[in-house]
Amino acid sequence: VCPLISANFKRLQDKLGDRVGRDVWLISISLDPVTDTPARLKEYASRYKPRSGWIWLTGSQESVERVLKGLGTTTANFRDHSPLTLVGDGLRGQWSIFNTLVGPERLRSEIDGLSAMRKRR
């Protein structure tokens, strides 16, 4: 499922244009930090041509589990994880969870809605 998620993020990155790294960040988190060393993750990420603002993270298994728990999601087996994408506004604490396979158009729509709400404040 990882290649599907990454391809969706690539399309989302393209649709968001220069907003990525300015007011929108894309963050991909490895769920298999034992296999996904920083060097291996960097090589994998390069296939999707991430620009500044698309961050790829890995760490110890404990750190990854803490991050997932903090985001309100978890996986018992990294090989069986759901294709989830969290879209949110960290300043406002508003988050939505999507099946990534809904496509980049739906994710962009959610991002646009959050941006519009922030501008109204």
# chains A, B, ... in the order shown; residues from 1 in each chain; ligands from 1
$ select_by_dssp --residues "chain A" --states "strand (DSSP E or B)" --output "ChimeraX atom specification"
/A:20,24,26-29,54-57,84-89,94-99
$ residues_around --residues "Gly59 of chain A" --least-positions-apart "2" --cutoff "10 Å" --atoms "only C-alpha atoms" --output "number ranges by chain"
A: 29-34, 36-38, 57, 61-65
$ write_last_selection --atoms "N, CA and C atoms" --output "PDB file, in the first residue's frame"
ATOM      1  N   ILE A  29       5.389   9.063   7.234  1.00  0.00           N
ATOM      2  CA  ILE A  29       6.030   8.422   8.390  1.00  0.00           C
ATOM      3  C   ILE A  29       6.197   6.938   8.110  1.00  0.00           C
ATOM      4  N   SER A  30       7.421   6.458   8.219  1.00  0.00           N
ATOM      5  CA  SER A  30       7.673   5.031   8.053  1.00  0.00           C
ATOM      6  C   SER A  30       7.081   4.268   9.228  1.00  0.00           C
ATOM      7  N   LEU A  31       6.397   3.188   8.930  1.00  0.00           N
ATOM      8  CA  LEU A  31       5.869   2.333   9.992  1.00  0.00           C
ATOM      9  C   LEU A  31       6.785   1.140  10.251  1.00  0.00           C
ATOM     10  N   ASP A  32       7.873   1.046   9.505  1.00  0.00           N
ATOM     11  CA  ASP A  32       8.835  -0.044   9.648  1.00  0.00           C
ATOM     12  C   ASP A  32      10.241   0.535   9.794  1.00  0.00           C
ATOM     13  N   PRO A  33      10.520   1.169  10.933  1.00  0.00           N
ATOM     14  CA  PRO A  33      11.814   1.827  11.084  1.00  0.00           C
ATOM     15  C   PRO A  33      13.004   0.866  11.108  1.00  0.00           C
ATOM     16  N   VAL A  34      12.769  -0.412  11.370  1.00  0.00           N
ATOM     17  CA  VAL A  34      13.871  -1.373  11.351  1.00  0.00           C
ATOM     18  C   VAL A  34      14.398  -1.517   9.927  1.00  0.00           C
ATOM     19  N   ASP A  36      13.323   0.585   7.271  1.00  0.00           N
ATOM     20  CA  ASP A  36      13.427   1.905   6.650  1.00  0.00           C
ATOM     21  C   ASP A  36      14.449   2.774   7.371  1.00  0.00           C
ATOM     22  N   THR A  37      15.697   2.470   7.128  1.00  0.00           N
ATOM     23  CA  THR A  37      16.764   3.309   7.666  1.00  0.00           C
ATOM     24  C   THR A  37      16.681   4.667   6.972  1.00  0.00           C
ATOM     25  N   PRO A  38      17.304   5.688   7.534  1.00  0.00           N
ATOM     26  CA  PRO A  38      17.270   6.989   6.860  1.00  0.00           C
ATOM     27  C   PRO A  38      17.760   6.917   5.402  1.00  0.00           C
ATOM     28  N   LEU A  57       9.809  10.749   7.487  1.00  0.00           N
ATOM     29  CA  LEU A  57      10.320  10.509   8.830  1.00  0.00           C
ATOM     30  C   LEU A  57      10.435   9.024   9.155  1.00  0.00           C
ATOM     31  N   GLN A  61      11.400   2.164  16.717  1.00  0.00           N
ATOM     32  CA  GLN A  61      10.049   1.614  16.758  1.00  0.00           C
ATOM     33  C   GLN A  61       9.229   2.295  17.854  1.00  0.00           C
ATOM     34  N   GLU A  62       9.869   2.521  18.990  1.00  0.00           N
ATOM     35  CA  GLU A  62       9.186   3.186  20.110  1.00  0.00           C
ATOM     36  C   GLU A  62       8.750   4.600  19.731  1.00  0.00           C
ATOM     37  N   SER A  63       9.619   5.339  19.064  1.00  0.00           N
ATOM     38  CA  SER A  63       9.287   6.704  18.646  1.00  0.00           C
ATOM     39  C   SER A  63       8.137   6.717  17.652  1.00  0.00           C
ATOM     40  N   VAL A  64       8.194   5.813  16.684  1.00  0.00           N
ATOM     41  CA  VAL A  64       7.131   5.735  15.680  1.00  0.00           C
ATOM     42  C   VAL A  64       5.802   5.415  16.361  1.00  0.00           C
ATOM     43  N   GLU A  65       5.803   4.464  17.277  1.00  0.00           N
ATOM     44  CA  GLU A  65       4.570   4.108  17.984  1.00  0.00           C
ATOM     45  C   GLU A  65       4.039   5.278  18.796  1.00  0.00           C
TER      46      GLU A  65
END
$ atom_distance --atom1 "atom CA of Ser82 of chain A" --atom2 "atom CA of Leu26 of chain A"
17.7 Å
$ closest_residue --among "A:Trp54, A:Ala45, A:Lys69, A:Leu101" --to "Ile5 of chain A" --atoms "only C-alpha atoms"
A:Leu101
$ residues_around --residues "Ser52 of chain A" --least-positions-apart "6" --cutoff "10 Å" --atoms "only C-alpha atoms" --output "compact mmCIF listing (two decimals) with N, CA, C and O atoms, in the first residue's frame"
# COMPACT_ATOMS: atom_id res chain seq x y z
N ASP A 18 3.13 25.66 -4.96
CA ASP A 18 4.05 26.32 -4.03
C ASP A 18 3.49 26.48 -2.62
O ASP A 18 4.18 27.00 -1.74
N VAL A 20 3.02 23.95 -0.77
CA VAL A 20 3.76 22.93 -0.02
C VAL A 20 5.06 23.55 0.47
O VAL A 20 5.84 24.09 -0.30
N GLY A 21 5.27 23.49 1.76
CA GLY A 21 6.45 24.08 2.37
C GLY A 21 6.23 25.51 2.82
O GLY A 21 7.08 26.08 3.49
N ARG A 22 5.10 26.09 2.44
CA ARG A 22 4.78 27.45 2.86
C ARG A 22 3.66 27.41 3.90
O ARG A 22 3.85 27.81 5.03
N TRP A 25 2.27 21.26 4.77
CA TRP A 25 3.38 20.32 4.81
C TRP A 25 2.83 18.92 4.63
O TRP A 25 1.79 18.57 5.21
N LEU A 26 3.52 18.13 3.85
CA LEU A 26 3.19 16.72 3.68
C LEU A 26 4.23 15.95 4.49
O LEU A 26 5.43 16.19 4.36
$ select_by_dssp --residues "segment 25-105 of chain A" --states "alpha helix (DSSP H)" --output "PyMOL selection string"
chain A and resi 38-46+61-70+104-105
$ closest_residue --among "A:Phe9, A:Leu16, A:Arg92, A:Ile97" --to "Ile55 of chain A" --atoms "only C-alpha atoms"
A:Phe9
$ residues_around --residues "Pro104 of chain A" --least-positions-apart "3" --cutoff "8 Å" --atoms "only C-alpha atoms" --output "count of residues only"
8
$ closest_residue --among "A:Leu71, A:Val87, A:Gln94, A:Ser6" --to "Arg106 of chain A" --atoms "only C-alpha atoms"
A:Val87
$ closest_residue --among "A:Asp23, A:Lys10, A:Ser28, A:Thr35" --to "Tyr48 of chain A" --atoms "only C-alpha atoms"
A:Lys10
$ atom_distance --atom1 "atom CA of Ser109 of chain A" --atom2 "atom CA of Gly93 of chain A"
18.1 Å
$ atom_distance --atom1 "atom CA of Arg66 of chain A" --atom2 "atom CA of Asn99 of chain A"
21.1 Å
